[in-house]
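File shown here: entry.csv, holding CSV, C-alpha atoms and all ligand atoms.
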chain,number,residue,atom,x,y,z
D,1,MET,CA,118.7,-121.7,78.7
D,2,SER,CA,118.0,-123.0,82.2
D,3,TYR,CA,119.2,-126.5,82.9
D,4,GLY,CA,117.1,-126.8,86.1
D,5,VAL,CA,117.1,-126.0,89.7
D,6,TYR,CA,119.3,-128.1,92.0
D,7,PRO,CA,117.9,-128.1,95.6
D,8,TRP,CA,121.1,-129.4,97.2
D,9,SER,CA,123.0,-126.5,95.6
D,10,ASN,CA,121.7,-124.0,98.1
D,11,SER,CA,123.4,-125.7,101.0
D,12,LEU,CA,126.7,-125.4,99.0
D,13,ALA,CA,126.3,-121.7,98.4
D,14,ILE,CA,126.0,-122.3,94.7
D,15,ASN,CA,124.5,-119.6,92.5
D,16,GLN,CA,121.9,-121.2,90.2
D,17,ASP,CA,122.5,-118.8,87.4
D,18,LYS,CA,126.2,-119.3,87.4
D,19,LEU,CA,125.7,-123.0,87.6
D,20,ASN,CA,123.4,-123.0,84.6
D,21,GLU,CA,125.9,-120.9,82.8
D,22,ILE,CA,128.7,-123.4,83.3
D,23,ILE,CA,126.4,-126.4,82.4
D,24,ALA,CA,125.4,-124.6,79.2
D,25,LYS,CA,129.0,-124.1,78.4
D,26,PHE,CA,129.6,-127.9,78.9
D,27,ALA,CA,126.6,-128.8,76.7
D,28,VAL,CA,128.5,-127.0,73.9
D,29,GLU,CA,131.9,-128.5,74.8
D,30,LEU,CA,130.5,-132.0,75.0
D,31,GLY,CA,128.7,-131.7,71.7
D,32,ALA,CA,132.0,-130.4,70.0
D,33,SER,CA,134.0,-133.2,71.6
D,34,ALA,CA,131.6,-135.9,70.3
D,35,GLN,CA,131.6,-134.2,66.9
D,36,GLY,CA,135.3,-134.5,66.5
D,37,PRO,CA,135.3,-138.2,65.3
D,38,ALA,CA,132.3,-137.3,63.1
D,39,ILE,CA,134.3,-134.6,61.5
D,40,LEU,CA,137.1,-137.1,60.8
D,41,ILE,CA,134.7,-139.6,59.3
D,42,GLY,CA,133.3,-136.8,57.1
D,43,GLU,CA,136.8,-136.0,56.0
D,44,GLN,CA,137.9,-139.6,55.5
D,45,LEU,CA,134.8,-140.7,53.5
D,46,GLY,CA,134.6,-137.5,51.4
D,47,LEU,CA,131.1,-136.6,52.8
D,48,TYR,CA,131.8,-132.8,53.1
D,49,LYS,CA,133.4,-132.7,49.7
D,50,ALA,CA,130.5,-134.6,48.0
D,51,LEU,CA,127.8,-132.5,49.8
D,52,SER,CA,129.4,-129.2,49.1
D,53,ALA,CA,130.2,-129.9,45.5
D,54,HIS,CA,127.0,-131.8,44.5
D,55,GLY,CA,124.4,-131.1,47.2
D,56,PRO,CA,121.7,-130.4,48.3
D,57,PHE,CA,121.2,-134.1,49.1
D,58,THR,CA,118.9,-136.3,51.1
D,59,PRO,CA,120.7,-138.8,53.3
D,60,GLU,CA,120.0,-141.4,50.7
D,61,GLU,CA,121.5,-139.3,47.9
D,62,LEU,CA,124.6,-138.5,49.8
D,63,ALA,CA,125.0,-142.2,50.8
D,64,LYS,CA,124.7,-143.2,47.1
D,65,LYS,CA,127.1,-140.6,46.0
D,66,THR,CA,129.8,-141.6,48.5
D,67,GLY,CA,129.3,-145.4,48.6
D,68,THR,CA,128.2,-145.3,52.2
D,69,ALA,CA,125.3,-146.7,54.2
D,70,GLU,CA,122.2,-144.5,54.3
D,71,ARG,CA,121.2,-145.2,57.9
D,72,TYR,CA,124.6,-144.0,59.2
D,73,ILE,CA,124.6,-141.0,56.9
D,74,ARG,CA,121.1,-140.0,58.0
D,75,GLU,CA,122.3,-139.9,61.6
D,76,TRP,CA,125.6,-138.2,60.7
D,77,LEU,CA,123.9,-135.5,58.8
D,78,ALA,CA,121.5,-134.8,61.7
D,79,GLY,CA,124.4,-134.4,64.0
D,80,GLN,CA,126.2,-132.1,61.5
D,81,ALA,CA,123.0,-129.9,61.2
D,82,ALA,CA,122.7,-129.7,65.0
D,83,GLY,CA,126.3,-128.5,65.1
D,84,GLY,CA,125.7,-125.9,62.4
D,85,TYR,CA,128.2,-127.5,60.1
D,86,VAL,CA,125.6,-128.2,57.4
D,87,ASN,CA,122.1,-126.7,56.9
D,88,TYR,CA,118.9,-128.8,56.8
D,89,ASN,CA,115.8,-127.9,54.8
D,90,ALA,CA,112.8,-129.5,56.6
D,91,ALA,CA,110.5,-128.8,53.6
D,92,THR,CA,112.6,-130.9,51.1
D,93,GLY,CA,114.4,-133.2,53.6
D,94,LYS,CA,117.7,-132.2,52.0
D,95,TYR,CA,121.0,-131.0,53.5
D,96,MET,CA,123.4,-128.5,51.9
D,97,MET,CA,126.6,-126.6,52.8
D,98,THR,CA,127.0,-122.8,52.5
D,99,PRO,CA,130.2,-121.6,50.8
D,100,GLU,CA,131.6,-120.7,54.2
D,101,GLN,CA,130.9,-124.1,55.7
D,102,ALA,CA,132.5,-125.7,52.6
D,103,PHE,CA,135.5,-123.4,52.9
D,104,VAL,CA,136.2,-124.6,56.4
D,105,LEU,CA,135.2,-128.3,56.0
D,106,ALA,CA,135.6,-129.3,52.4
D,107,ASN,CA,138.4,-127.3,50.8
D,108,GLU,CA,141.8,-128.7,51.8
D,109,ASP,CA,143.7,-125.8,50.3
D,110,SER,CA,141.6,-123.1,52.2
D,111,PRO,CA,143.6,-121.3,54.8
D,112,VAL,CA,141.0,-122.2,57.4
D,113,TYR,CA,140.5,-125.9,56.6
D,114,ILE,CA,139.8,-127.3,60.0
D,115,PRO,CA,139.4,-131.2,59.8
D,116,GLY,CA,143.2,-131.7,60.0
D,117,ALA,CA,143.2,-130.2,63.5
D,118,PHE,CA,140.9,-133.0,64.7
D,119,TYR,CA,143.5,-135.7,63.7
D,120,LEU,CA,145.8,-133.9,66.1
D,121,VAL,CA,143.1,-133.9,68.8
D,122,SER,CA,142.4,-137.6,68.1
D,123,SER,CA,146.1,-138.4,68.7
D,124,ILE,CA,145.9,-136.8,72.1
D,125,TYR,CA,142.9,-138.9,73.1
D,126,LYS,CA,144.7,-142.1,71.8
D,127,ASP,CA,147.8,-141.2,73.8
D,128,ARG,CA,146.0,-140.3,77.0
D,129,GLY,CA,147.2,-143.3,79.0
D,130,LYS,CA,150.9,-142.7,78.2
D,131,LEU,CA,150.4,-139.0,78.8
D,132,ALA,CA,148.9,-139.6,82.3
D,133,ASP,CA,152.0,-141.6,83.1
D,134,VAL,CA,154.4,-138.8,82.1
D,135,PHE,CA,152.3,-136.3,84.0
D,136,ARG,CA,153.0,-138.5,87.1
D,137,THR,CA,156.7,-139.3,86.5
D,138,GLY,CA,157.8,-136.0,84.9
D,139,LYS,CA,159.5,-137.9,82.1
D,140,GLY,CA,159.1,-136.9,78.5
D,141,MET,CA,157.3,-138.4,75.6
D,142,GLY,CA,159.0,-138.0,72.2
D,143,TRP,CA,157.3,-136.9,69.0
D,144,HIS,CA,157.9,-140.3,67.6
D,145,GLU,CA,156.1,-142.0,70.6
D,146,HIS,CA,152.8,-140.5,69.7
D,147,HIS,CA,150.0,-142.0,67.6
D,148,ASN,CA,150.3,-141.5,63.8
D,149,ASP,CA,147.3,-139.2,63.9
D,150,LEU,CA,149.6,-136.5,65.3
D,151,PHE,CA,151.8,-136.5,62.3
D,152,ILE,CA,149.0,-136.5,59.7
D,153,GLY,CA,147.1,-133.9,61.8
D,154,THR,CA,150.1,-131.6,62.0
D,155,HIS,CA,150.5,-131.8,58.3
D,156,LYS,CA,146.9,-131.4,57.4
D,157,PHE,CA,146.3,-128.5,59.9
D,158,PHE,CA,149.5,-126.5,59.3
D,159,ARG,CA,149.8,-126.9,55.5
D,160,PRO,CA,146.8,-124.6,54.6
D,161,GLY,CA,148.2,-121.8,56.7
D,162,TYR,CA,151.6,-122.2,55.0
D,163,LEU,CA,149.9,-122.3,51.6
D,164,ALA,CA,148.1,-119.1,52.3
D,165,ASN,CA,150.9,-117.1,54.0
D,166,LEU,CA,154.4,-118.4,53.5
D,167,VAL,CA,155.2,-117.2,50.0
D,168,ASN,CA,152.9,-114.3,49.9
D,169,SER,CA,153.5,-112.8,53.3
D,170,TRP,CA,155.9,-114.5,55.7
D,171,LEU,CA,159.0,-114.7,53.4
D,172,PRO,CA,158.5,-111.1,52.1
D,173,SER,CA,158.4,-109.9,55.7
D,174,LEU,CA,162.1,-110.9,56.0
D,175,GLU,CA,164.8,-108.5,54.8
D,176,GLY,CA,166.2,-109.4,51.4
D,177,VAL,CA,165.2,-113.1,51.6
D,178,VAL,CA,162.8,-113.3,48.6
D,179,GLU,CA,165.4,-111.8,46.2
D,180,LYS,CA,168.0,-114.4,47.3
D,181,LEU,CA,165.4,-117.2,46.9
D,182,LYS,CA,164.5,-116.0,43.4
D,183,ALA,CA,168.2,-115.9,42.4
D,184,GLY,CA,169.1,-119.3,44.0
D,185,ALA,CA,169.8,-119.8,47.7
D,186,LEU,CA,170.6,-122.7,49.9
D,187,VAL,CA,167.9,-123.3,52.5
D,188,ALA,CA,167.5,-125.7,55.5
D,189,ASP,CA,164.0,-126.4,56.9
D,190,VAL,CA,164.7,-127.8,60.3
D,191,GLY,CA,162.1,-129.9,62.2
D,192,CYS,CA,160.3,-130.1,58.8
D,193,GLY,CA,157.9,-133.0,59.8
D,194,TYR,CA,156.1,-134.1,56.6
D,195,GLY,CA,157.8,-131.3,54.7
D,196,SER,CA,154.8,-129.2,53.8
D,197,SER,CA,156.7,-125.9,54.3
D,198,THR,CA,159.8,-127.2,52.5
D,199,ILE,CA,157.7,-128.3,49.5
D,200,ILE,CA,155.7,-125.1,49.2
D,201,MET,CA,159.0,-123.1,49.2
D,202,ALA,CA,160.7,-125.5,46.8
D,203,LYS,CA,157.8,-125.1,44.3
D,204,ALA,CA,157.8,-121.3,44.6
D,205,PHE,CA,161.6,-120.9,44.2
D,206,PRO,CA,162.9,-123.5,41.7
D,207,LYS,CA,166.4,-122.0,41.5
D,208,SER,CA,167.0,-122.5,45.2
D,209,LYS,CA,168.0,-125.7,46.9
D,210,PHE,CA,166.1,-127.0,50.0
D,211,VAL,CA,167.1,-129.6,52.6
D,212,GLY,CA,164.4,-130.7,55.1
D,213,TYR,CA,165.7,-132.1,58.4
D,214,ASP,CA,163.8,-133.8,61.1
D,215,TYR,CA,164.9,-136.4,63.7
D,216,HIS,CA,161.7,-138.4,63.1
D,217,LEU,CA,162.4,-141.1,60.5
D,218,GLU,CA,158.8,-141.8,59.5
D,219,SER,CA,158.2,-138.1,58.8
D,220,ILE,CA,161.3,-137.9,56.6
D,221,GLU,CA,160.3,-141.0,54.7
D,222,TRP,CA,156.8,-139.4,54.0
D,223,ALA,CA,158.4,-136.2,52.9
D,224,LYS,CA,160.8,-137.9,50.5
D,225,ASN,CA,157.8,-139.6,48.8
D,226,VAL,CA,155.9,-136.3,48.6
D,227,ALA,CA,158.9,-134.6,47.0
D,228,VAL,CA,158.6,-137.1,44.2
D,229,THR,CA,154.8,-136.9,43.8
D,230,GLU,CA,154.9,-133.1,44.0
D,231,ASP,CA,157.8,-133.0,41.5
D,232,VAL,CA,160.2,-131.0,43.6
D,233,TRP,CA,162.8,-133.7,43.9
D,234,ARG,CA,165.3,-131.8,41.7
D,235,ASN,CA,165.8,-129.0,44.2
D,236,THR,CA,164.7,-130.8,47.4
D,237,THR,CA,166.1,-133.4,49.7
D,238,PHE,CA,165.0,-134.7,53.1
D,239,GLU,CA,167.4,-136.1,55.7
D,240,VAL,CA,167.1,-137.4,59.3
D,241,ALA,CA,169.0,-135.0,61.6
D,242,LEU,CA,168.7,-133.3,64.9
D,243,ALA,CA,168.4,-129.5,65.0
D,244,LYS,CA,171.7,-129.4,67.0
D,245,ASP,CA,173.8,-131.4,64.5
D,246,TYR,CA,172.4,-131.3,61.0
D,247,PRO,CA,175.2,-131.3,58.4
D,248,ARG,CA,176.4,-128.5,56.0
D,249,ASN,CA,176.8,-124.9,56.5
D,250,GLU,CA,176.8,-121.8,54.3
D,251,PHE,CA,173.0,-121.7,54.4
D,252,ASP,CA,171.3,-118.4,53.2
D,253,LEU,CA,168.2,-119.2,55.1
D,254,VAL,CA,167.3,-121.6,57.9
D,255,THR,CA,163.6,-122.0,58.8
D,256,PHE,CA,162.0,-123.5,61.9
D,257,PHE,CA,158.3,-124.0,61.5
D,258,ASP,CA,156.5,-124.6,64.8
D,259,CYS,CA,159.3,-126.7,66.3
D,260,LEU,CA,161.7,-124.6,68.3
D,261,HIS,CA,159.6,-124.9,71.4
D,262,ASP,CA,159.4,-128.6,70.9
D,263,MET,CA,163.1,-129.1,71.2
D,264,GLY,CA,164.8,-130.1,74.4
D,265,ASP,CA,167.8,-127.8,73.8
D,266,PRO,CA,166.6,-124.8,71.8
D,267,VAL,CA,169.6,-122.8,72.8
D,268,GLY,CA,171.9,-125.6,71.5
D,269,ALA,CA,169.8,-125.6,68.3
D,270,ALA,CA,170.2,-121.8,68.0
D,271,LYS,CA,174.0,-122.0,68.3
D,272,HIS,CA,174.0,-124.7,65.6
D,273,VAL,CA,171.8,-122.6,63.3
D,274,HIS,CA,174.2,-119.6,63.9
D,275,GLN,CA,177.3,-121.6,62.8
D,276,SER,CA,175.4,-123.1,59.8
D,277,LEU,CA,174.4,-119.7,58.3
D,278,LYS,CA,176.4,-117.5,56.0
D,279,PRO,CA,177.3,-114.2,57.8
D,280,ASP,CA,174.5,-112.4,56.0
D,281,GLY,CA,172.0,-115.3,56.3
D,282,THR,CA,168.6,-115.3,58.0
D,283,TRP,CA,167.0,-117.5,60.6
D,284,MET,CA,163.2,-117.6,60.2
D,285,ILE,CA,161.4,-118.9,63.3
D,286,VAL,CA,157.6,-119.6,63.1
D,287,GLU,CA,156.1,-120.1,66.5
D,288,PRO,CA,152.4,-120.4,67.7
D,289,TYR,CA,150.8,-117.0,68.3
D,290,SER,CA,151.2,-116.0,71.9
D,291,ASN,CA,151.1,-112.8,74.1
D,292,GLU,CA,153.8,-112.1,76.6
D,293,SER,CA,151.9,-113.1,79.8
D,294,LEU,CA,149.8,-116.1,80.7
D,295,GLU,CA,146.8,-113.9,81.6
D,296,GLU,CA,146.9,-112.3,78.2
D,297,ASN,CA,146.7,-115.8,76.7
D,298,LEU,CA,143.5,-116.9,78.5
D,299,ASN,CA,141.4,-116.8,75.3
D,300,PRO,CA,140.2,-119.4,72.7
D,301,VAL,CA,143.5,-119.4,70.8
D,302,GLY,CA,145.6,-119.7,74.0
D,303,ARG,CA,143.3,-122.5,75.1
D,304,ILE,CA,144.1,-124.6,72.0
D,305,PHE,CA,147.8,-124.0,72.4
D,306,TYR,CA,148.1,-124.6,76.2
D,307,ASN,CA,146.3,-127.9,75.9
D,308,ALA,CA,148.3,-129.0,72.8
D,309,SER,CA,151.4,-127.8,74.6
D,310,SER,CA,150.9,-129.8,77.8
D,311,MET,CA,150.2,-133.0,75.8
D,312,VAL,CA,152.5,-132.7,72.8
D,313,CYS,CA,155.1,-129.9,73.0
D,314,VAL,CA,156.2,-130.0,76.7
D,315,PRO,CA,156.5,-133.9,76.7
D,316,CYS,CA,158.4,-133.7,73.4
D,317,SER,CA,161.0,-131.3,74.9
D,318,LEU,CA,161.3,-133.1,78.2
D,319,ALA,CA,162.1,-136.3,76.2
D,320,GLN,CA,165.3,-134.6,74.9
D,321,GLU,CA,168.5,-133.5,76.4
D,322,VAL,CA,168.3,-130.3,78.5
D,323,GLY,CA,164.5,-130.5,78.4
D,324,LEU,CA,164.0,-126.7,78.5
D,325,ALA,CA,160.3,-127.2,77.7
D,326,LEU,CA,159.5,-123.7,76.5
D,327,GLY,CA,155.9,-124.6,75.8
D,328,ALA,CA,153.8,-123.4,72.9
D,329,GLN,CA,153.0,-120.1,74.6
D,330,ALA,CA,156.5,-118.8,75.2
D,331,GLY,CA,156.4,-115.0,74.8
D,332,ASP,CA,158.5,-113.0,72.4
D,333,SER,CA,161.0,-112.1,75.2
D,334,LYS,CA,161.7,-115.8,76.0
D,335,ILE,CA,162.2,-116.6,72.3
D,336,HIS,CA,164.5,-113.6,72.0
D,337,GLU,CA,166.5,-114.8,75.0
D,338,VAL,CA,167.0,-118.3,73.4
D,339,VAL,CA,168.0,-116.7,70.0
D,340,SER,CA,170.5,-114.3,71.7
D,341,LEU,CA,172.1,-117.1,73.7
D,342,GLY,CA,172.6,-118.8,70.3
D,343,GLY,CA,174.8,-115.8,69.3
D,344,PHE,CA,172.3,-113.9,67.1
D,345,LYS,CA,172.7,-110.1,67.1
D,346,THR,CA,169.3,-109.0,65.8
D,347,PHE,CA,165.8,-110.3,66.4
D,348,ARG,CA,162.4,-109.0,65.6
D,349,ARG,CA,158.8,-110.2,65.1
D,350,ALA,CA,158.5,-109.7,61.4
D,351,THR,CA,154.8,-110.5,61.0
D,352,GLN,CA,152.0,-112.5,62.5
D,353,THR,CA,148.6,-114.2,61.9
D,354,PRO,CA,146.0,-115.0,64.5
D,355,PHE,CA,147.7,-118.4,64.9
D,356,ASN,CA,151.4,-117.7,64.2
D,357,ARG,CA,154.3,-115.3,65.0
D,358,ILE,CA,157.1,-115.0,62.5
D,359,PHE,CA,160.5,-114.0,63.8
D,360,GLU,CA,163.6,-112.9,61.9
D,361,ALA,CA,167.0,-113.5,63.5
D,362,ARG,CA,170.3,-112.4,61.9
D,363,PRO,CA,173.9,-113.3,62.9
T,1,LIG,C1,154.9,-129.5,65.5
T,1,LIG,S1,155.9,-130.4,64.5
T,1,LIG,C2,156.1,-129.3,63.1
T,1,LIG,C3,156.5,-130.0,61.8
T,1,LIG,C4,156.7,-129.1,60.6
T,1,LIG,N1,157.7,-128.1,60.8
T,1,LIG,C5,155.4,-128.4,60.2
T,1,LIG,O1,155.2,-127.2,60.5
T,1,LIG,O2,154.4,-129.1,59.7
T,1,LIG,C6,157.4,-130.4,65.3
T,1,LIG,C7,158.5,-131.2,64.6
T,1,LIG,O3,159.8,-131.0,65.2
T,1,LIG,C8,160.5,-132.2,65.2
T,1,LIG,N2,161.5,-132.1,66.2
T,1,LIG,C9,161.4,-132.1,67.5
T,1,LIG,N3,162.6,-132.0,68.2
T,1,LIG,C10,163.5,-132.0,67.2
T,1,LIG,C11,164.9,-131.9,67.2
T,1,LIG,N4,165.6,-131.8,68.4
T,1,LIG,N5,165.6,-131.9,66.1
T,1,LIG,C12,164.9,-132.0,64.9
T,1,LIG,N6,163.6,-132.1,64.8
T,1,LIG,C13,162.9,-132.1,66.0
T,1,LIG,C14,159.5,-133.3,65.4
T,1,LIG,O4,159.9,-134.5,64.9
T,1,LIG,C15,158.3,-132.7,64.5
T,1,LIG,O5,158.4,-133.1,63.2
Kindly return the structure encoded in the file as structure tokens.
Amino acid sequence: MSYGVYPWSNSLAINQDKLNEIIAKFAVELGASAQGPAILIGEQLGLYKALSAHGPFTPEELAKKTGTAERYIREWLAGQAAGGYVNYNAATGKYMMTPEQAFVLANEDSPVYIPGAFYLVSSIYKDRGKLADVFRTGKGMGWHEHHNDLFIGTHKFFRPGYLANLVNSWLPSLEGVVEKLKAGALVADVGCGYGSSTIIMAKAFPKSKFVGYDYHLESIEWAKNVAVTEDVWRNTTFEVALAKDYPRNEFDLVTFFDCLHDMGDPVGAAKHVHQSLKPDGTWMIVEPYSNESLEENLNPVGRIFYNASSMVCVPCSLAQEVGLALGAQAGDSKIHEVVSLGGFKTFRRATQTPFNRIFEARP
């Protein structure tokens, strides 16, 4: 589509086609950005769930079903249809969702449930002022200093991937770990946040004992409550602790889900993990998917991670001692270096998904 001819552009040696190409790209980008809050409203008010489970609906019917105001829902649905998130039938005036649209937008347990990610993005918008300050000063901004949407977004976005992969694929990719977990092992889940990974493992392996550690008090309080509601409190505890000084040793398995690169001193953390493991124990490190070089990461997944990294991961690390700031796109060789400096003898990428790398390190 042409967005017009710009007479002044000739004097700037601007190619009209290339200009139209970039404007077309931004028409999509702006639409997606404006749609972010609309996705969150759909999630919060149960609009996607109601439409996918009970639709097709007119705006009036959806509003009635969800206890919302028809005029808002009419406009919201039009925006959703323009974005391709729901389908509109002009003959009936009704909207519906395909199974694929519902899988992504309405099913919280689906491995590709996406609305959670928009809470994460929402936190970045809300923290923009503080972030601009640290971009100037070079100071850090701790995990705990972010808006609450970051914590809920991390939980909602990461949990579906853990549900789909952790027990079925990631743990079995580690040597001898599932057998130990079935028999009864001691596990530390470090940097556990809201504890989604801890709770999924605790449910799957009732004979094992799990301790979730995180330095963020609010997250630990949340995780403690969920352990009760999810009925895993018998074999699961949550404690406030840093990766460098969590108590106990003799762990069979220590897990780090998407947090090693957020730490100020990942080498210090690696050394601590090393001394906390049994000699035949395993350290499982889950890190965002990344290739080795920056140029190989210049793609849609790399784009998500570099942006999240500059506004969440790098500031989190810079707020802590050492401030190594690995970033969310540290390649395998950088992670290997950190793990080796921690004293680990073996290291390998055990498996991966389009969004995650799963590493196994052994003492
Ligand atoms: C991206 S979140 C991942 C949370 C959780 N593992 C998950 O996958 O849902 C990173 C977590 O690391 C925690 N964290 C950062 N630095 C830490 C440190 N030095 N010691 C312990 N936890 C830390 C943060 O508080 C946050 O909960």
Given a cut-off of 7 Å, what residues near ligand LIG 1 (chain T) show up using all atoms listed in the file, put as a ChimeraX atom specification? /D:143-144,154-155,158-159,190-197,213-216,219,241-244,256-259,262-264,316-317
Pick from D:Val28, D:Ala34, D:Ala185, D:Val338 nearest to Asp265 (chain D), counting all atoms listed in the file: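 Using all atoms listed in the file, Asp265 (chain D) sits closest to D:Val338.
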Near region 77-92 of chain D, within 10 Å and counting only C-alpha atoms, which residues show up once chain neighbours fewer than 3 positions away are dropped, as number ranges by chain? D: 28, 31-32, 34-35, 38-39, 42, 47-48, 51-52, 56-59, 62, 72-74, 95-98, 100-102, 104-105
Between CA of Ala13 (chain D) and CA of Phe26 (chain D), what distance in Å does the model show, to one decimal?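 A separation of 20.7 Å between them.
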Of the listed residues D:Val240, D:Leu163, D:Val177, D:Ile14, that which approaches Thr198 (chain D) most closely, counting all atoms listed in the file: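 Under the stated criterion, the closest residue is D:Leu163.
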State, in Å with one decimal place, the distance from CA of Gly281 (chain D) to CA of His336 (chain D). 17.5 Å
Interatomic distance between CA of Phe347 (chain D) and CA of Pro300 (chain D)?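 Going from CA of Phe347 (chain D) over to CA of Pro300 (chain D), I get 27.9 Å.
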Name all residues at most 9 Å from Leu150 (chain D) (count only C-alpha atoms; drop same-chain ones fewer than 3 positions away) and give them as a list in words. Tyr119, Leu120, Val121, Ser122, Ser123, Ile124, Trp143, His146, His147, Gly153, Thr154, His155 and Val312 of chain D
Of the residues D:Gly142, D:Pro206, D:Pro247, D:Gly116, which is the one nearest to Ala188 (chain D), using only C-alpha atoms? D:Pro247
Show me that you can extract region 173-187 of chain D, keeping N, CA, C and O atoms, and write it as a compact mmCIF listing (two decimals), in the first residue's frame.
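Heads up, here's the output in part.txt:
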# COMPACT_ATOMS: atom_id res chain seq x y z
N SER D 173 15.42 -34.03 29.64
CA SER D 173 16.62 -33.81 28.83
C SER D 173 17.88 -33.80 29.69
O SER D 173 19.00 -33.77 29.17
N LEU D 174 17.72 -33.82 31.02
CA LEU D 174 18.87 -33.80 31.94
C LEU D 174 19.17 -35.23 32.38
O LEU D 174 18.24 -36.00 32.66
N GLU D 175 20.45 -35.53 32.49
CA GLU D 175 20.85 -36.91 32.79
C GLU D 175 20.44 -37.37 34.20
O GLU D 175 20.86 -36.75 35.20
N GLY D 176 19.60 -38.39 34.25
CA GLY D 176 19.26 -39.04 35.53
C GLY D 176 18.42 -38.23 36.49
O GLY D 176 18.15 -38.67 37.61
N VAL D 177 17.94 -37.05 36.08
CA VAL D 177 17.25 -36.17 37.03
C VAL D 177 15.83 -36.64 37.33
O VAL D 177 15.40 -36.66 38.49
N VAL D 178 15.10 -37.07 36.30
CA VAL D 178 13.70 -37.47 36.53
C VAL D 178 13.62 -38.66 37.49
O VAL D 178 12.77 -38.69 38.38
N GLU D 179 14.54 -39.61 37.34
CA GLU D 179 14.56 -40.78 38.23
C GLU D 179 14.72 -40.32 39.69
O GLU D 179 14.02 -40.79 40.59
N LYS D 180 15.66 -39.39 39.90
CA LYS D 180 15.87 -38.88 41.27
C LYS D 180 14.63 -38.17 41.79
O LYS D 180 14.25 -38.33 42.95
N LEU D 181 13.98 -37.38 40.91
CA LEU D 181 12.80 -36.63 41.35
C LEU D 181 11.65 -37.59 41.70
O LEU D 181 10.89 -37.35 42.64
N LYS D 182 11.55 -38.66 40.94
CA LYS D 182 10.48 -39.64 41.21
C LYS D 182 10.72 -40.32 42.55
O LYS D 182 9.79 -40.58 43.32
N ALA D 183 12.00 -40.60 42.84
CA ALA D 183 12.34 -41.34 44.06
C ALA D 183 12.27 -40.44 45.29
O ALA D 183 12.01 -40.91 46.41
N GLY D 184 12.51 -39.13 45.11
CA GLY D 184 12.51 -38.20 46.24
C GLY D 184 13.84 -37.46 46.31
O GLY D 184 14.82 -37.99 46.83
N ALA D 185 13.85 -36.24 45.80
CA ALA D 185 15.09 -35.46 45.75
C ALA D 185 14.87 -34.12 46.46
O ALA D 185 13.74 -33.75 46.77
N LEU D 186 15.98 -33.43 46.75
CA LEU D 186 15.90 -32.09 47.33
C LEU D 186 16.26 -31.08 46.24
O LEU D 186 17.32 -31.17 45.61
N VAL D 187 15.34 -30.14 46.00
CA VAL D 187 15.48 -29.22 44.86
C VAL D 187 15.40 -27.76 45.32
O VAL D 187 14.51 -27.41 46.11
